[in-house]
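*Asks:* I'm passing along input.pdb; it holds PDB, C-alpha atoms, pLDDT in the B column.
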MODEL        1
ATOM      1  CA  ASP A  66     -22.183 -11.179  -2.986  1.00 97.00           C
ATOM      2  CA  SER A  67     -21.863  -7.529  -1.970  1.00 98.00           C
ATOM      3  CA  LYS A  68     -18.294  -7.827  -0.670  1.00 98.00           C
ATOM      4  CA  THR A  69     -17.118  -9.364  -3.951  1.00 98.00           C
ATOM      5  CA  LYS A  70     -18.854  -6.612  -5.915  1.00 98.00           C
ATOM      6  CA  GLU A  71     -17.045  -3.984  -3.839  1.00 98.00           C
ATOM      7  CA  LEU A  72     -13.693  -5.692  -4.443  1.00 98.00           C
ATOM      8  CA  ILE A  73     -14.407  -5.653  -8.183  1.00 98.00           C
ATOM      9  CA  ALA A  74     -15.446  -2.007  -7.902  1.00 98.00           C
ATOM     10  CA  ILE A  75     -12.122  -1.192  -6.224  1.00 98.00           C
ATOM     11  CA  GLY A  76     -10.215  -2.623  -9.169  1.00 97.00           C
ATOM     12  CA  CYS A  77     -12.450  -0.855 -11.673  1.00 97.00           C
ATOM     13  CA  SER A  78     -12.092   2.436  -9.811  1.00 97.00           C
ATOM     14  CA  LEU A  79      -8.314   2.202  -9.859  1.00 96.00           C
ATOM     15  CA  VAL A  80      -8.166   1.377 -13.567  1.00 95.00           C
ATOM     16  CA  ALA A  81     -10.599   4.254 -14.224  1.00 95.00           C
ATOM     17  CA  LYS A  82      -8.352   6.513 -12.098  1.00 94.00           C
ATOM     18  CA  CYS A  83     -11.277   7.660  -9.953  1.00 97.00           C
ATOM     19  CA  GLU A  84      -9.769   8.457  -6.551  1.00 97.00           C
ATOM     20  CA  GLY A  85     -13.073   9.233  -4.873  1.00 98.00           C
ATOM     21  CA  CYS A  86     -14.598   6.025  -6.223  1.00 97.00           C
ATOM     22  CA  ALA A  87     -11.683   3.952  -4.945  1.00 98.00           C
ATOM     23  CA  ARG A  88     -11.894   5.508  -1.486  1.00 98.00           C
ATOM     24  CA  GLY A  89     -15.625   4.891  -1.284  1.00 98.00           C
ATOM     25  CA  HIS A  90     -15.406   1.297  -2.469  1.00 98.00           C
ATOM     26  CA  ILE A  91     -12.509   0.512  -0.120  1.00 98.00           C
ATOM     27  CA  LYS A  92     -14.521   1.914   2.785  1.00 98.00           C
ATOM     28  CA  LYS A  93     -17.594  -0.092   1.790  1.00 98.00           C
ATOM     29  CA  ALA A  94     -15.562  -3.282   1.261  1.00 98.00           C
ATOM     30  CA  LEU A  95     -14.110  -2.948   4.757  1.00 98.00           C
ATOM     31  CA  GLU A  96     -17.593  -2.410   6.183  1.00 98.00           C
ATOM     32  CA  LEU A  97     -18.715  -5.610   4.431  1.00 98.00           C
ATOM     33  CA  GLY A  98     -15.876  -7.586   6.006  1.00 98.00           C
ATOM     34  CA  ALA A  99     -13.220  -7.522   3.298  1.00 98.00           C
ATOM     35  CA  THR A 100      -9.742  -8.046   4.671  1.00 98.00           C
ATOM     36  CA  LYS A 101      -6.741  -5.899   3.831  1.00 98.00           C
ATOM     37  CA  GLU A 102      -5.357  -8.919   1.978  1.00 98.00           C
ATOM     38  CA  GLU A 103      -8.490  -9.200  -0.178  1.00 98.00           C
ATOM     39  CA  ILE A 104      -8.340  -5.487  -0.962  1.00 98.00           C
ATOM     40  CA  SER A 105      -4.641  -5.823  -1.746  1.00 98.00           C
ATOM     41  CA  ASP A 106      -5.427  -8.654  -4.169  1.00 97.00           C
ATOM     42  CA  ALA A 107      -7.993  -6.430  -5.920  1.00 97.00           C
ATOM     43  CA  ILE A 108      -5.358  -3.695  -6.199  1.00 97.00           C
ATOM     44  CA  VAL A 109      -2.816  -6.126  -7.659  1.00 97.00           C
ATOM     45  CA  VAL A 110      -5.320  -7.219 -10.314  1.00 96.00           C
ATOM     46  CA  ALA A 111      -6.007  -3.560 -11.181  1.00 96.00           C
ATOM     47  CA  VAL A 112      -2.269  -2.891 -11.522  1.00 96.00           C
ATOM     48  CA  GLY A 113      -1.967  -5.847 -13.885  1.00 95.00           C
ATOM     49  CA  ILE A 114      -4.864  -4.676 -16.040  1.00 93.00           C
ATOM     50  CA  GLY A 115      -3.550  -1.113 -16.079  1.00 91.00           C
ATOM     51  CA  ALA A 116      -0.074  -2.289 -17.052  1.00 91.00           C
ATOM     52  CA  ALA A 117      -1.426  -4.548 -19.792  1.00 89.00           C
ATOM     53  CA  ALA A 118      -3.481  -1.674 -21.191  1.00 87.00           C
ATOM     54  CA  CYS A 119      -0.398   0.540 -21.230  1.00 85.00           C
ATOM     55  CA  VAL A 120       1.649  -2.099 -23.053  1.00 82.00           C
ATOM     56  CA  ASP A 121      -1.185  -2.597 -25.536  1.00 81.00           C
ATOM     57  CA  MET A 122      -1.400   1.121 -26.270  1.00 83.00           C
ATOM     58  CA  THR A 123       2.383   1.348 -26.540  1.00 84.00           C
ATOM     59  CA  TYR A 124       2.312  -1.432 -29.108  1.00 78.00           C
ATOM     60  CA  THR A 125      -0.413   0.386 -31.050  1.00 81.00           C
ATOM     61  CA  ALA A 126       1.562   3.635 -31.034  1.00 82.00           C
ATOM     62  CA  ALA A 127       4.772   1.845 -32.026  1.00 83.00           C
ATOM     63  CA  THR A 128       2.991   0.121 -34.908  1.00 81.00           C
ATOM     64  CA  HIS A 129       1.768   3.471 -36.234  1.00 82.00           C
ATOM     65  CA  LEU A 130       5.336   4.781 -36.046  1.00 85.00           C
ATOM     66  CA  ASP A 131       6.799   1.565 -37.534  1.00 86.00           C
ATOM     67  CA  ILE A 132       8.861   0.995 -34.375  1.00 83.00           C
ATOM     68  CA  HIS A 133       9.298  -2.636 -33.365  1.00 75.00           C
ATOM     69  CA  HIS A 134       9.813  -2.657 -29.588  1.00 68.00           C
ATOM     70  CA  PHE A 135       8.286  -6.078 -29.007  1.00 61.00           C
ATOM     71  CA  GLU A 136       9.882  -8.164 -31.732  1.00 63.00           C
TER      72      GLU A 136
ENDMDL
END
Would you mind writing the file's structure down as structure tokens?

*Replies:*
Amino acid sequence: DSKTKELIAIGCSLVAKCEGCARGHIKKALELGATKEEISDAIVVAVGIGAAACVDMTYTAATHLDIHHFE
């Protein structure tokens, strides 16, 4: 449904680091009846994805430098 799509868009906007997108999708999600808790959950998922991407890239960089942080 539209509310779920906006919640997904919030997470995508945060991971993409698009401030204007995030603001717009938060506003639209609220208009569609999303609760602050639902928006918070979308934010938490985005933080997890962003953190995982950072760890993944760190591992890639460490591998190229023959540094073994995660072993």

*Asks:* Can you tell me, as a list in words, which residues sit within 12 Å of (-17.7, -6.1, 1.9) in the file's frame, using all atoms listed in the file?

*Replies:*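 Selection result: Asp66, Ser67, Lys68, Thr69, Lys70, Glu71, Leu72, Ile73, Ala74, Ile75, Gly89, His90, Ile91, Lys92, Lys93, Ala94, Leu95, Glu96, Leu97, Gly98, Ala99, Thr100, Lys101, Glu103 and Ile104 of chain A.
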
*Asks:* For the residues in the current selection, export C-alpha atoms as a tab-separated table (two decimals), in the frame of the given file.

*Replies:*
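And here is the file that came out, result13.tsv:
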chain	number	residue	atom	x	y	z
A	66	ASP	CA	-22.18	-11.18	-2.99
A	67	SER	CA	-21.86	-7.53	-1.97
A	68	LYS	CA	-18.29	-7.83	-0.67
A	69	THR	CA	-17.12	-9.36	-3.95
A	70	LYS	CA	-18.85	-6.61	-5.92
A	71	GLU	CA	-17.05	-3.98	-3.84
A	72	LEU	CA	-13.69	-5.69	-4.44
A	73	ILE	CA	-14.41	-5.65	-8.18
A	74	ALA	CA	-15.45	-2.01	-7.90
A	75	ILE	CA	-12.12	-1.19	-6.22
A	89	GLY	CA	-15.62	4.89	-1.28
A	90	HIS	CA	-15.41	1.30	-2.47
A	91	ILE	CA	-12.51	0.51	-0.12
A	92	LYS	CA	-14.52	1.91	2.78
A	93	LYS	CA	-17.59	-0.09	1.79
A	94	ALA	CA	-15.56	-3.28	1.26
A	95	LEU	CA	-14.11	-2.95	4.76
A	96	GLU	CA	-17.59	-2.41	6.18
A	97	LEU	CA	-18.72	-5.61	4.43
A	98	GLY	CA	-15.88	-7.59	6.01
A	99	ALA	CA	-13.22	-7.52	3.30
A	100	THR	CA	-9.74	-8.05	4.67
A	101	LYS	CA	-6.74	-5.90	3.83
A	103	GLU	CA	-8.49	-9.20	-0.18
A	104	ILE	CA	-8.34	-5.49	-0.96

*Asks:* Rounded to one decimal place, report the atom CA of Val80 of chain A-atom CA of Ala111 of chain A distance in Å.

*Replies:*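 We find that atom CA of Val80 of chain A and atom CA of Ala111 of chain A lie 5.9 Å from each other.
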
*Asks:* For a test of reading the model, state the distance in Å between atom CA of Ala126 of chain A and atom CA of Ala107 of chain A, rounded to one decimal.

*Replies:*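 About the pair atom CA of Ala126 of chain A and atom CA of Ala107 of chain A: they are 28.7 Å apart.
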
*Asks:* Just checking: using all atoms listed in the file, which residue out of A:Val112, A:Ala117, A:Tyr124, A:Ile132 ends up closest to Lys82 of chain A?

*Replies:*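 Of the candidates, the smallest distance to Lys82 of chain A is held by A:Val112.
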
*Asks:* Report the distance between atom CA of His129 of chain A and atom CA of Ala81 of chain A in Å, rounded to one decimal place.

*Replies:*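 Distance reported for this atom pair: 25.3 Å.
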
*Asks:* Mind telling me what the PyMOL selection byres ((chain A and resi 115) around 12) catches here, as a compact mmCIF listing (two decimals) with C-alpha atoms, keeping the file's coordinate frame?

*Replies:*
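So the final result, stored in part-v3.txt, reads:
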# COMPACT_ATOMS: atom_id res chain seq x y z
CA GLY A 76 -10.22 -2.62 -9.17
CA CYS A 77 -12.45 -0.86 -11.67
CA SER A 78 -12.09 2.44 -9.81
CA LEU A 79 -8.31 2.20 -9.86
CA VAL A 80 -8.17 1.38 -13.57
CA ALA A 81 -10.60 4.25 -14.22
CA LYS A 82 -8.35 6.51 -12.10
CA ILE A 108 -5.36 -3.70 -6.20
CA VAL A 109 -2.82 -6.13 -7.66
CA VAL A 110 -5.32 -7.22 -10.31
CA ALA A 111 -6.01 -3.56 -11.18
CA VAL A 112 -2.27 -2.89 -11.52
CA GLY A 113 -1.97 -5.85 -13.88
CA ILE A 114 -4.86 -4.68 -16.04
CA ALA A 116 -0.07 -2.29 -17.05
CA ALA A 117 -1.43 -4.55 -19.79
CA ALA A 118 -3.48 -1.67 -21.19
CA CYS A 119 -0.40 0.54 -21.23
CA VAL A 120 1.65 -2.10 -23.05
CA ASP A 121 -1.18 -2.60 -25.54
CA MET A 122 -1.40 1.12 -26.27
